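Text of model.cif (mmCIF, C-alpha atoms) as supplied:
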```cif
data_my_file
loop_
_atom_site.label_atom_id
_atom_site.label_comp_id
_atom_site.auth_asym_id
_atom_site.auth_seq_id
_atom_site.Cartn_x
_atom_site.Cartn_y
_atom_site.Cartn_z
CA MET C 368 75.74 71.86 156.34
CA PRO C 369 78.10 74.88 156.53
CA SER C 370 78.31 76.71 159.80
CA THR C 371 77.41 80.42 160.09
CA ARG C 372 81.10 81.19 160.32
CA ASP C 373 81.80 79.49 156.98
CA ILE C 374 79.09 81.48 155.29
CA ARG C 375 80.32 84.72 156.83
CA ARG C 376 83.79 84.03 155.46
CA ARG C 377 82.41 83.23 152.05
CA ILE C 378 80.43 86.49 151.95
CA LYS C 379 83.52 88.45 152.85
CA SER C 380 85.58 86.89 150.08
CA VAL C 381 82.87 87.41 147.46
CA LYS C 382 82.58 91.04 148.56
CA ASN C 383 86.30 91.54 147.98
CA THR C 384 86.05 90.03 144.52
CA ALA C 385 83.11 92.28 143.71
CA GLN C 386 85.13 95.30 144.76
CA ILE C 387 87.96 94.36 142.44
CA THR C 388 85.74 93.67 139.44
CA LYS C 389 83.88 96.92 140.10
CA ALA C 390 87.16 98.84 140.05
CA MET C 391 88.19 97.12 136.80
CA GLN C 392 84.84 97.98 135.31
CA MET C 393 85.36 101.65 136.12
CA VAL C 394 88.82 101.68 134.59
CA ALA C 395 87.60 99.89 131.48
CA SER C 396 84.67 102.23 131.01
CA ALA C 397 86.91 105.29 131.21
CA LYS C 398 89.28 103.76 128.67
CA MET C 399 86.38 102.64 126.55
CA ARG C 400 85.06 106.16 126.20
CA LYS C 401 88.45 107.37 125.04
CA ALA C 402 88.92 104.50 122.61
CA GLN C 403 85.42 104.93 121.18
CA GLN C 404 86.02 108.61 120.63
CA ALA C 405 89.28 107.88 118.87
CA ALA C 406 87.63 105.28 116.66
CA LEU C 407 84.81 107.64 115.76
CA ALA C 408 87.12 110.62 115.21
CA GLY C 409 88.96 108.69 112.53
CA ARG C 410 85.84 108.11 110.48
CA PRO C 411 85.53 111.46 108.64
CA TYR C 412 89.11 110.97 107.53
CA ALA C 413 88.33 107.43 106.39
CA THR C 414 85.31 108.61 104.43
CA LEU C 415 87.24 111.33 102.67
CA MET C 416 90.11 108.97 102.05
CA ASN C 417 87.73 106.56 100.36
CA GLU C 418 86.44 109.31 98.09
CA VAL C 419 89.91 110.37 97.08
CA MET C 420 90.91 106.74 96.53
CA ALA C 421 87.87 106.02 94.42
CA ALA C 422 88.44 109.10 92.28
CA ALA C 423 92.14 108.44 91.87
CA THR C 424 91.58 104.80 90.95
CA ALA C 425 89.00 105.73 88.35
CA GLY C 426 91.19 108.52 87.00
CA ALA C 427 94.29 106.38 86.81
CA GLY C 428 92.69 104.05 84.30
CA GLU C 429 94.96 101.22 83.27
CA PHE C 430 97.67 102.11 85.72
CA GLN C 431 98.76 99.10 87.76
CA HIS C 432 100.43 99.57 91.09
CA PRO C 433 102.56 96.70 92.44
CA LEU C 434 100.47 96.72 95.62
CA ALA C 435 97.37 96.02 93.56
CA GLU C 436 98.89 93.12 91.63
CA LYS C 437 96.72 90.02 91.77
CA ARG C 438 98.55 86.72 91.93
CA GLU C 439 97.48 83.19 92.51
CA VAL C 440 97.37 82.78 96.27
CA LYS C 441 99.86 80.11 97.26
CA LYS C 442 100.88 81.63 100.55
CA ARG C 443 98.90 84.10 102.56
CA ALA C 444 99.74 86.21 105.59
CA LEU C 445 97.26 86.72 108.35
CA ILE C 446 97.61 89.67 110.70
CA ILE C 447 95.91 88.96 114.02
CA ILE C 448 95.06 91.95 116.17
CA SER C 449 94.30 90.74 119.69
CA THR C 450 94.46 92.16 123.18
CA ASP C 451 97.41 92.01 125.54
CA LYS C 452 95.38 91.14 128.61
CA GLY C 453 92.58 88.75 129.33
CA LEU C 454 89.42 89.29 131.38
CA CYS C 455 87.48 90.62 128.46
CA GLY C 456 84.87 87.93 128.00
CA ALA C 457 84.80 85.89 124.84
CA LEU C 458 86.56 88.54 122.75
CA ASN C 459 89.81 86.70 122.09
CA THR C 460 88.13 83.30 121.87
CA ASN C 461 85.89 84.54 119.08
CA LEU C 462 88.79 86.29 117.39
CA LEU C 463 91.03 83.25 117.45
CA ARG C 464 88.24 80.96 116.31
CA GLU C 465 87.96 83.20 113.27
CA ALA C 466 91.73 83.08 112.82
CA ALA C 467 91.74 79.28 113.09
CA LYS C 468 89.49 78.98 110.04
CA VAL C 469 92.36 79.96 107.76
CA PRO C 470 94.26 76.81 106.69
CA PRO C 471 97.54 76.89 108.66
CA ALA C 472 99.64 75.04 106.09
CA THR C 473 99.62 77.87 103.56
CA THR C 474 99.55 80.75 106.02
CA VAL C 475 102.14 82.73 107.89
CA TYR C 476 101.09 84.78 110.88
CA VAL C 477 101.80 88.34 111.93
CA VAL C 478 100.49 89.20 115.35
CA ALA C 479 99.81 92.33 117.35
CA GLY C 480 98.89 91.73 120.96
CA ARG C 481 100.16 89.15 123.40
CA LYS C 482 97.12 86.83 123.30
CA ALA C 483 97.49 86.20 119.60
CA ALA C 484 101.21 85.60 120.00
CA GLN C 485 100.55 82.99 122.66
CA TRP C 486 97.95 81.32 120.49
CA VAL C 487 100.23 81.12 117.48
CA ALA C 488 103.00 79.68 119.62
CA ARG C 489 100.69 77.19 121.33
CA THR C 490 99.20 75.87 118.11
CA LYS C 491 102.67 75.72 116.50
CA ARG C 492 101.83 77.90 113.55
CA GLU C 493 104.39 79.88 111.60
CA LEU C 494 104.98 83.26 113.18
CA VAL C 495 106.86 85.80 111.07
CA ALA C 496 106.55 88.94 113.16
CA GLU C 497 105.17 90.20 116.41
CA PHE C 498 104.14 93.78 117.00
CA SER C 499 102.79 95.55 120.03
CA PHE C 500 100.49 98.50 120.31
CA LYS C 501 99.64 100.74 123.21
CA ASP C 502 96.34 101.51 124.84
CA SER C 503 95.92 104.51 122.60
CA PRO C 504 97.24 103.28 119.23
CA GLN C 505 99.71 105.57 117.52
CA PHE C 506 99.81 106.08 113.79
CA ALA C 507 103.46 105.04 113.85
CA GLU C 508 102.57 101.65 115.30
CA ALA C 509 100.06 101.08 112.54
CA ARG C 510 102.62 102.16 109.97
CA ALA C 511 105.13 99.63 111.25
CA ILE C 512 102.64 96.80 110.80
CA SER C 513 101.44 97.96 107.42
CA LYS C 514 104.98 98.49 106.16
CA PHE C 515 105.92 94.97 107.16
CA ALA C 516 102.86 93.61 105.36
CA GLN C 517 103.71 95.58 102.24
CA GLU C 518 107.26 94.26 102.24
CA LEU C 519 106.04 90.68 102.60
CA PHE C 520 103.71 91.20 99.70
CA LEU C 521 106.08 93.08 97.41
CA SER C 522 108.93 90.65 97.93
CA GLY C 523 106.63 87.84 96.81
CA GLN C 524 106.82 85.90 100.07
CA VAL C 525 103.06 86.03 100.32
CA ASP C 526 100.41 86.58 97.66
CA ALA C 527 97.71 88.00 99.88
CA VAL C 528 97.46 89.67 103.26
CA ASP C 529 94.39 89.52 105.45
CA VAL C 530 93.79 91.04 108.81
CA VAL C 531 91.58 89.53 111.49
CA PHE C 532 90.43 91.81 114.28
CA THR C 533 87.40 92.61 116.39
CA ASN C 534 85.22 95.21 114.78
CA TYR C 535 83.56 97.63 117.13
CA ILE C 536 79.83 97.81 116.48
CA ASN C 537 78.59 99.11 119.79
CA THR C 538 79.31 98.70 123.48
CA LEU C 539 77.53 95.36 123.67
CA THR C 540 78.42 93.98 120.27
CA GLN C 541 81.85 93.35 118.83
CA LYS C 542 82.37 91.10 115.89
CA ALA C 543 85.48 89.21 114.90
CA GLU C 544 86.14 89.90 111.23
CA VAL C 545 88.57 88.93 108.53
CA ARG C 546 89.30 91.82 106.21
CA PRO C 547 91.46 91.53 103.09
CA LEU C 548 94.29 94.05 103.02
CA LEU C 549 96.45 93.16 100.03
CA PRO C 550 96.36 93.13 97.05
CA MET C 551 94.62 96.45 97.09
CA GLY C 552 92.00 95.75 94.47
CA ARG C 553 90.07 93.44 96.72
CA ILE C 554 89.59 96.01 99.39
CA GLN C 555 87.29 98.38 97.63
CA LYS C 556 84.34 96.12 97.22
CA LEU C 557 84.28 95.61 100.93
CA GLU C 558 84.72 99.26 101.72
CA ALA C 559 81.06 100.11 101.88
CA ASN C 560 80.21 97.78 104.74
CA LEU C 561 83.45 97.73 106.62
CA SER C 562 83.40 101.09 108.30
CA GLY C 563 80.09 100.46 109.94
CA PRO C 564 76.87 102.42 109.85
CA GLY C 565 76.84 106.14 109.29
CA THR C 566 80.18 106.52 107.55
CA SER C 567 79.85 105.39 104.00
CA GLU C 568 76.65 107.05 102.91
CA ASP C 569 78.34 110.02 101.27
CA LEU C 570 80.65 107.88 99.21
CA GLN C 571 80.27 108.93 95.58
CA PRO C 572 82.94 107.53 93.33
CA GLY C 573 80.95 108.05 90.15
CA SER C 574 82.03 111.60 89.43
CA ALA C 575 85.70 110.67 89.27
CA SER C 576 86.36 110.98 85.57
CA GLU C 577 85.92 114.74 85.69
CA PHE C 578 88.92 115.25 87.92
CA SER C 579 92.21 116.49 86.68
CA PHE C 580 95.31 115.41 88.53
CA GLU C 581 98.50 117.02 89.62
CA PRO C 582 100.82 115.14 89.71
CA ALA C 583 99.51 112.60 87.19
CA ALA C 584 96.86 110.21 88.46
CA GLY C 585 99.15 107.20 88.42
CA GLN C 586 101.81 108.88 90.46
CA LEU C 587 99.29 110.33 92.86
CA LEU C 588 97.79 106.89 93.33
CA GLY C 589 101.25 105.47 93.93
CA ASN C 590 101.75 107.92 96.75
CA LEU C 591 98.27 107.43 98.05
CA LEU C 592 98.13 103.62 98.19
CA PRO C 593 100.72 103.02 100.92
CA HIS C 594 99.23 105.83 102.95
CA TYR C 595 95.77 104.40 102.47
CA LEU C 596 97.00 101.06 103.70
CA ASN C 597 98.64 102.59 106.75
CA PHE C 598 95.45 104.32 107.59
CA GLN C 599 93.43 101.14 107.16
CA VAL C 600 95.65 99.40 109.68
CA TYR C 601 95.42 102.38 112.01
CA GLN C 602 91.66 102.31 111.88
CA VAL C 603 91.69 98.56 112.52
CA LEU C 604 93.84 99.11 115.62
CA LEU C 605 91.46 101.76 116.90
CA GLU C 606 88.45 99.53 116.36
CA ALA C 607 90.17 96.63 118.09
CA LYS C 608 91.02 98.79 121.09
CA ALA C 609 87.50 100.13 121.36
CA SER C 610 86.18 96.57 121.20
CA GLU C 611 88.60 95.38 123.83
CA HIS C 612 87.65 98.00 126.37
CA SER C 613 83.94 97.63 125.70
CA ALA C 614 84.14 93.87 126.06
CA ARG C 615 86.14 94.16 129.24
CA MET C 616 83.71 96.64 130.73
CA VAL C 617 80.74 94.42 129.96
CA ALA C 618 82.50 91.33 131.31
CA MET C 619 83.45 93.10 134.50
CA LYS C 620 79.98 94.52 134.91
CA SER C 621 78.39 91.09 134.70
CA ALA C 622 81.02 89.74 137.11
CA THR C 623 80.11 92.48 139.58
CA ASP C 624 76.42 91.78 139.15
CA ASN C 625 76.94 88.06 139.68
CA ALA C 626 78.96 88.70 142.82
CA LYS C 627 76.23 90.95 144.18
CA GLN C 628 73.61 88.30 143.52
CA LEU C 629 75.77 85.72 145.24
CA ILE C 630 76.18 87.97 148.26
CA LYS C 631 72.43 88.39 148.43
CA ASP C 632 71.80 84.64 148.30
CA LEU C 633 74.50 83.91 150.85
CA THR C 634 73.20 86.58 153.21
CA LEU C 635 69.75 85.07 153.02
CA GLU C 636 71.12 81.65 153.79
CA TYR C 637 73.23 83.05 156.60
CA ASN C 638 70.21 84.71 158.21
CA LYS C 639 68.15 81.57 157.91
CA LEU C 640 70.84 79.54 159.58
CA ARG C 641 71.32 82.12 162.31
CA GLN C 642 67.58 82.19 162.97
CA ALA C 643 67.48 78.41 163.07
CA ASN C 644 70.28 78.38 165.61
CA ILE C 645 68.50 80.90 167.83
CA THR C 646 65.26 78.96 167.66
CA LYS C 647 67.08 75.78 168.50
CA GLU C 648 68.75 77.41 171.50
CA LEU C 649 65.45 78.85 172.75
CA LEU C 650 63.86 75.47 172.39
CA GLU C 651 66.60 73.90 174.46
CA ILE C 652 66.30 76.55 177.20
CA THR C 653 62.52 76.32 177.47
CA SER C 654 62.48 72.56 177.44
CA ALA C 655 65.16 72.54 180.13
CA ALA C 656 63.16 75.05 182.20
CA MET C 657 60.03 72.95 181.79
CA ALA C 658 61.90 69.82 182.86
CA MET C 659 63.21 71.64 185.97
CA GLY C 660 59.75 73.07 186.78
CA ASN C 661 58.12 69.66 186.95
CA MET L 44 79.48 135.76 95.90
CA ALA L 45 80.25 132.09 95.69
CA THR L 46 82.16 130.53 98.54
CA LEU L 47 84.20 127.40 99.01
CA LYS L 48 83.65 124.86 101.72
CA LEU L 49 87.04 124.13 103.19
CA GLU L 50 87.41 120.90 105.11
CA ILE L 51 90.60 119.80 106.77
CA VAL L 52 90.66 116.40 108.42
CA THR L 53 93.42 114.48 110.16
CA PRO L 54 93.24 110.91 111.46
CA GLU L 55 92.54 112.35 114.92
CA ALA L 56 89.83 114.88 114.17
CA ARG L 57 88.11 117.26 111.77
CA ILE L 58 90.20 120.36 112.23
CA TYR L 59 88.44 122.85 110.01
CA SER L 60 85.10 123.00 108.26
CA GLU L 61 83.95 126.43 107.14
CA GLU L 62 82.78 128.46 104.17
CA VAL L 63 85.69 130.55 102.88
CA ASP L 64 86.42 132.90 99.95
CA MET L 65 89.82 131.59 98.91
CA VAL L 66 92.47 129.06 99.91
CA THR L 67 96.18 128.96 99.18
CA LEU L 68 97.78 125.52 99.40
CA PRO L 69 101.42 124.41 99.56
CA GLY L 70 101.36 122.16 96.47
CA LEU L 71 104.19 119.84 95.47
CA GLU L 72 105.21 122.19 92.68
CA GLY L 73 104.69 125.47 94.47
CA GLU L 74 101.84 127.36 96.00
CA MET L 75 98.44 127.27 94.43
CA GLY L 76 95.48 129.48 95.08
CA ILE L 77 92.02 128.03 94.86
CA PHE L 78 88.98 130.19 94.21
CA PRO L 79 85.38 129.05 94.08
CA MET L 80 84.38 127.37 90.79
CA HIS L 81 87.82 125.86 90.39
CA ILE L 82 87.93 122.86 88.03
CA PRO L 83 87.82 119.50 89.86
CA LEU L 84 91.35 118.60 90.83
CA MET L 85 93.16 115.96 92.85
CA THR L 86 96.49 116.94 94.16
CA GLN L 87 99.06 116.48 96.86
CA ILE L 88 100.36 118.99 99.36
CA THR L 89 103.57 119.10 101.29
CA HIS L 90 104.59 120.58 104.63
CA GLY L 91 103.74 124.23 104.72
CA GLU L 92 101.12 126.85 105.28
CA ILE L 93 97.55 127.09 104.18
CA SER L 94 96.21 130.59 104.04
CA VAL L 95 92.50 131.06 104.11
CA ARG L 96 90.73 134.25 103.08
CA LYS L 97 87.43 134.68 104.75
CA GLY L 98 85.43 137.90 104.92
CA GLY L 99 88.43 140.03 103.92
CA GLN L 100 90.67 138.53 106.58
CA ASP L 101 93.49 136.05 106.18
CA HIS L 102 93.88 133.08 108.51
CA PHE L 103 96.81 130.72 108.52
CA LEU L 104 97.21 127.05 109.29
CA ALA L 105 100.29 124.87 109.42
CA VAL L 106 99.82 121.51 107.68
CA GLY L 107 101.75 118.32 107.07
CA GLU L 108 101.87 116.18 103.94
CA GLY L 109 98.58 115.14 102.50
CA PHE L 110 96.10 114.90 99.70
CA VAL L 111 93.56 117.39 98.43
CA GLU L 112 90.32 116.93 96.58
CA ILE L 113 89.01 120.07 94.94
CA THR L 114 85.59 120.47 93.39
CA GLY L 115 83.93 123.71 92.40
CA ALA L 116 82.33 124.17 95.77
CA ARG L 117 84.56 122.26 98.12
CA VAL L 118 88.19 121.79 99.09
CA ALA L 119 88.80 118.68 101.15
CA ILE L 120 92.24 118.24 102.65
CA LEU L 121 93.53 114.98 104.11
CA THR L 122 96.66 115.50 106.10
CA ASP L 123 98.57 114.02 108.99
CA MET L 124 98.81 117.35 110.83
CA ALA L 125 96.88 120.60 110.77
CA ILE L 126 96.99 123.34 113.34
CA ARG L 127 95.71 126.92 113.31
CA ALA L 128 98.33 129.62 113.62
CA ASP L 129 96.69 130.94 116.79
CA ASP L 130 96.85 127.52 118.40
CA ILE L 131 100.54 126.96 117.78
CA ASP L 132 102.44 126.85 121.02
CA GLU L 133 105.85 128.12 120.01
CA ALA L 134 107.66 126.87 123.09
CA ARG L 135 106.26 123.40 122.63
CA ALA L 136 107.01 123.36 118.93
CA GLU L 137 110.57 124.41 119.66
CA GLU L 138 110.87 121.67 122.24
CA ALA L 139 109.50 119.12 119.81
CA ARG L 140 111.99 120.29 117.19
CA LYS L 141 114.91 119.81 119.60
CA ALA L 142 113.63 116.40 120.69
CA ALA L 143 113.21 115.29 117.08
CA GLU L 144 116.67 116.53 116.14
CA ALA L 145 118.18 114.73 119.10
CA ARG L 146 116.46 111.52 118.08
CA LEU L 147 117.61 111.90 114.48
CA ALA L 148 121.18 112.27 115.69
CA GLN L 149 121.07 108.82 117.25
CA LYS L 150 121.38 105.63 115.29
CA LEU L 151 117.87 104.55 114.48
CA GLY L 152 115.97 101.96 112.52
CA ASP L 153 114.15 102.94 109.35
CA GLU L 154 110.79 103.25 111.00
CA GLU L 155 111.94 105.38 113.94
CA GLN L 156 113.94 107.54 111.58
CA ALA L 157 110.82 108.23 109.56
CA VAL L 158 108.81 109.08 112.66
CA ALA L 159 111.45 111.45 113.97
CA GLN L 160 111.83 113.07 110.55
CA ALA L 161 108.08 113.59 110.34
CA SER L 162 107.81 115.14 113.77
CA LEU L 163 110.78 117.38 112.96
CA MET L 164 109.04 118.58 109.81
CA HIS L 165 105.84 119.19 111.78
CA SER L 166 107.49 121.35 114.39
CA LEU L 167 109.57 123.22 111.80
CA THR L 168 106.47 124.03 109.80
CA GLN L 169 104.74 125.37 112.86
CA LEU L 170 107.73 127.47 113.88
CA ASN L 171 108.20 128.91 110.40
CA LEU L 172 104.59 130.00 110.22
CA LYS L 173 104.74 131.61 113.65
CA ARG L 174 107.94 133.49 112.85
CA ARG L 175 106.71 134.76 109.50
CA GLN L 176 103.55 136.05 111.08
CA ARG L 177 105.45 138.16 113.57
CA ARG L 178 107.30 140.02 110.85
#
```
Spit out the file's structure as structure tokens when you get a sec.
Amino acid sequence: MPSTRDIRRRIKSVKNTAQITKAMQMVASAKMRKAQQAALAGRPYATLMNEVMAAATAGAGEFQHPLAEKREVKKRALIIISTDKGLCGALNTNLLREAAKVPPATTVYVVAGRKAAQWVARTKRELVAEFSFKDSPQFAEARAISKFAQELFLSGQVDAVDVVFTNYINTLTQKAEVRPLLPMGRIQKLEANLSGPGTSEDLQPGSASEFSFEPAAGQLLGNLLPHYLNFQVYQVLLEAKASEHSARMVAMKSATDNAKQLIKDLTLEYNKLRQANITKELLEITSAAMAMGN
Amino acid sequence: MATLKLEIVTPEARIYSEEVDMVTLPGLEGEMGIFPMHIPLMTQITHGEISVRKGGQDHFLAVGEGFVEITGARVAILTDMAIRADDIDEARAEEARKAAEARLAQKLGDEEQAVAQASLMHSLTQLNLKRRQRR
């Protein structure tokens, strides 16, 4: 049976923890709003980009770009976009479980984010490059990753590049997803469902054949493809960041709630114990008085 | 009279979305003017100025490299930078130009070089537009 002092100490320590998690929740929610806005702001661009891509691909006809070359997949590269810090619930666990499904023997890994780097090192998989990205992802950071992936692919070291990241659906839901990046051809079929609800409805690639091109469609497509890829990676980074902050906010909120519940329970127990002690003392006094009186 | 819907989007935001009478774009092979009912065209633009005629008045924007989709009723521009002439802060653009030049002068990796070059082009474009307007 703990003494009242033990319980008082316990309450104090839980209160301190609650304060910390509350503060982290506030920080995460502020960052989350920013990250969500950034992720949403990129969507009109993505939509338009898809239209232009679809039209250019249709207009280019037989033109084959090296980035779109399909080869038998002997070696594949997996880009893992994780967070740098923990305390964001099951986010990284889910992400890495998804990443672990890819057979490690034929895969090389490119990571962005410290958690993924640690995982690759711990499980002794083959790491080829490690990138970092800031709290508000810059286009340049995305370009560095995408450029590296393109070089891997073009030099023939890998025959396919996939990216695994946490897709932002809403504040409460984030989903770990594997999305094919290279060769380019594979990406378009997925395009409709990848950017989430509300972005792909005005996609209309059918009218493409009417377009004329300047410069020629093939050349235009050649210029467009790398840029398209960069932007894909950029969007992935934004989504991952939005997911991270949402997940962290939710995790911290439930931690705060749990702490509050614990404080409530402990306080109740403390009061019971205190009351019991008082009653016991009173009982002792009265029985002593009665014994004296006789 | 027919109008064109001009849309300019960057990865960060939708910069411009209005009905206009005419647009002039900095194409790869020189300037091109787009009127309503233009034939559908896909093209690329380079660093430069977009001039927009709307209700008898000309507005200017500085833009970076990008892609343009033109249909009879719409001009959609995808670019990495777009800023209205009125919003250009000359002092800041000048500062950015100096910073970019300083970075270019150092020994840099490929990637950083490209970033610095791009930001130099951005600030130069903005400055050029501002200077031309004053004349």
Exercise. For the atom pair atom CA of C:Pro471 and atom CA of C:Gln517, what is the interatomic distance in Å to one decimal place?
Worked result: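 Distance between the two atoms: 20.7 Å.
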Test item: residues at most 12 Å from L:Val118, only C-alpha atoms, excluding those fewer than 2 positions along its chain, as a PDB file with C-alpha atoms, in the coordinates of the input:
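Final output, part-v2.pdb:
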```
ATOM      1  CA  LEU C 415      87.240 111.330 102.670  1.00  0.00           C
ATOM      2  CA  VAL C 419      89.910 110.370  97.080  1.00  0.00           C
TER       3      VAL C 419
ATOM      4  CA  THR L  46      82.160 130.530  98.540  1.00  0.00           C
ATOM      5  CA  LEU L  47      84.200 127.400  99.010  1.00  0.00           C
ATOM      6  CA  LYS L  48      83.650 124.860 101.720  1.00  0.00           C
ATOM      7  CA  LEU L  49      87.040 124.130 103.190  1.00  0.00           C
ATOM      8  CA  GLU L  50      87.410 120.900 105.110  1.00  0.00           C
ATOM      9  CA  ILE L  51      90.600 119.800 106.770  1.00  0.00           C
ATOM     10  CA  VAL L  52      90.660 116.400 108.420  1.00  0.00           C
ATOM     11  CA  TYR L  59      88.440 122.850 110.010  1.00  0.00           C
ATOM     12  CA  SER L  60      85.100 123.000 108.260  1.00  0.00           C
ATOM     13  CA  GLU L  61      83.950 126.430 107.140  1.00  0.00           C
ATOM     14  CA  GLU L  62      82.780 128.460 104.170  1.00  0.00           C
ATOM     15  CA  VAL L  63      85.690 130.550 102.880  1.00  0.00           C
ATOM     16  CA  ASP L  64      86.420 132.900  99.950  1.00  0.00           C
ATOM     17  CA  MET L  65      89.820 131.590  98.910  1.00  0.00           C
ATOM     18  CA  VAL L  66      92.470 129.060  99.910  1.00  0.00           C
ATOM     19  CA  THR L  67      96.180 128.960  99.180  1.00  0.00           C
ATOM     20  CA  LEU L  68      97.780 125.520  99.400  1.00  0.00           C
ATOM     21  CA  GLY L  76      95.480 129.480  95.080  1.00  0.00           C
ATOM     22  CA  ILE L  77      92.020 128.030  94.860  1.00  0.00           C
ATOM     23  CA  PHE L  78      88.980 130.190  94.210  1.00  0.00           C
ATOM     24  CA  PRO L  79      85.380 129.050  94.080  1.00  0.00           C
ATOM     25  CA  MET L  80      84.380 127.370  90.790  1.00  0.00           C
ATOM     26  CA  HIS L  81      87.820 125.860  90.390  1.00  0.00           C
ATOM     27  CA  ILE L  82      87.930 122.860  88.030  1.00  0.00           C
ATOM     28  CA  PRO L  83      87.820 119.500  89.860  1.00  0.00           C
ATOM     29  CA  LEU L  84      91.350 118.600  90.830  1.00  0.00           C
ATOM     30  CA  MET L  85      93.160 115.960  92.850  1.00  0.00           C
ATOM     31  CA  THR L  86      96.490 116.940  94.160  1.00  0.00           C
ATOM     32  CA  ILE L  93      97.550 127.090 104.180  1.00  0.00           C
ATOM     33  CA  VAL L  95      92.500 131.060 104.110  1.00  0.00           C
ATOM     34  CA  PHE L 110      96.100 114.900  99.700  1.00  0.00           C
ATOM     35  CA  VAL L 111      93.560 117.390  98.430  1.00  0.00           C
ATOM     36  CA  GLU L 112      90.320 116.930  96.580  1.00  0.00           C
ATOM     37  CA  ILE L 113      89.010 120.070  94.940  1.00  0.00           C
ATOM     38  CA  THR L 114      85.590 120.470  93.390  1.00  0.00           C
ATOM     39  CA  GLY L 115      83.930 123.710  92.400  1.00  0.00           C
ATOM     40  CA  ALA L 116      82.330 124.170  95.770  1.00  0.00           C
ATOM     41  CA  ILE L 120      92.240 118.240 102.650  1.00  0.00           C
ATOM     42  CA  LEU L 121      93.530 114.980 104.110  1.00  0.00           C
TER      43      LEU L 121
END
```
For this session: Between C:Glu581, C:Asp373, C:Glu493, C:Asp502, single out the one closest to chain L, counting all atoms listed in the file.
Result: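 Using all atoms listed in the file, chain L sits closest to C:Glu581.
With only C-alpha atoms as the atoms that count, the residue of L:Arg177, L:Lys141, L:His90, L:Arg96 with the shortest distance to L:Ala159 is L:Lys141.
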Exercise. Which residues fall under the PyMOL selection byres ((chain C) within 7 of (chain L)) in this file, as a ChimeraX atom specification?
Worked result: /C:405,408-409,412,419,507,511,577-582
For this session: Pick out the closest residue to L:Ser94 from this set: L:Met124, L:Ala136, L:Leu163, L:Met75. Count all atoms listed in the file.
Result: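 Closest to L:Ser94 of all the choices is L:Met75.
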Care to translate the PyMOL selection byres ((chain L and resi 146) around 12) into actual residues of this file, as an mmCIF file with C-alpha atoms, in the coordinates of the input?
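That gives us result-v1.cif:
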```cif
data_model
loop_
_atom_site.group_PDB
_atom_site.id
_atom_site.type_symbol
_atom_site.label_atom_id
_atom_site.label_comp_id
_atom_site.auth_asym_id
_atom_site.auth_seq_id
_atom_site.Cartn_x
_atom_site.Cartn_y
_atom_site.Cartn_z
ATOM 1 C CA ALA L 139 109.500 119.120 119.810
ATOM 2 C CA ARG L 140 111.990 120.290 117.190
ATOM 3 C CA LYS L 141 114.910 119.810 119.600
ATOM 4 C CA ALA L 142 113.630 116.400 120.690
ATOM 5 C CA ALA L 143 113.210 115.290 117.080
ATOM 6 C CA GLU L 144 116.670 116.530 116.140
ATOM 7 C CA ALA L 145 118.180 114.730 119.100
ATOM 8 C CA LEU L 147 117.610 111.900 114.480
ATOM 9 C CA ALA L 148 121.180 112.270 115.690
ATOM 10 C CA GLN L 149 121.070 108.820 117.250
ATOM 11 C CA LYS L 150 121.380 105.630 115.290
ATOM 12 C CA LEU L 151 117.870 104.550 114.480
ATOM 13 C CA GLY L 152 115.970 101.960 112.520
ATOM 14 C CA GLU L 155 111.940 105.380 113.940
ATOM 15 C CA GLN L 156 113.940 107.540 111.580
ATOM 16 C CA ALA L 157 110.820 108.230 109.560
ATOM 17 C CA VAL L 158 108.810 109.080 112.660
ATOM 18 C CA ALA L 159 111.450 111.450 113.970
ATOM 19 C CA GLN L 160 111.830 113.070 110.550
ATOM 20 C CA ALA L 161 108.080 113.590 110.340
ATOM 21 C CA SER L 162 107.810 115.140 113.770
ATOM 22 C CA LEU L 163 110.780 117.380 112.960
#
```
For this session: Quick one: apply the PyMOL selection byres ((chain C and resi 623) around 6) to the file and drop the selected residues here as a list in words.
Result: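 That selection, the PyMOL selection byres ((chain C and resi 623) around 6), comes back as Ala385, Thr388, Lys389, Lys620, Ser621, Ala622, Asp624, Asn625 and Ala626 of chain C.
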Problem set entry | Point-to-point distance from atom CA of L:Ile58 to atom CA of C:Glu606, Å rounded to tenths |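 So the two atoms, atom CA of L:Ile58 and atom CA of C:Glu606, lie 21.3 Å apart.
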Exercise. In Å to one decimal, how far is atom CA of L:Glu92 from atom CA of C:Ala509?
Worked result: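 The value is 26.8 Å.
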Seminar exercise, completed: Nearest to C:Val600, restricted to all atoms listed in the file and choosing among C:Pro547, C:Pro433, C:Gly660, C:Pro470, comes out as C:Pro547
Can you put N, CA and C atoms back into stretch 141-145 of chain L and show it as a compact mmCIF listing (two decimals), in the frame of the given file?
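Once everything was written out, this is result.txt:
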```txt
# COMPACT_ATOMS: atom_id res chain seq x y z
N LYS L 141 113.65 120.25 118.98
CA LYS L 141 114.91 119.81 119.60
C LYS L 141 114.88 118.31 119.86
N ALA L 142 113.73 117.82 120.37
CA ALA L 142 113.63 116.40 120.69
C ALA L 142 113.80 115.57 119.42
N ALA L 143 113.15 116.03 118.34
CA ALA L 143 113.21 115.29 117.08
C ALA L 143 114.63 115.30 116.52
N GLU L 144 115.30 116.45 116.64
CA GLU L 144 116.67 116.53 116.14
C GLU L 144 117.59 115.61 116.93
N ALA L 145 117.36 115.58 118.25
CA ALA L 145 118.18 114.73 119.10
C ALA L 145 117.99 113.26 118.71
```
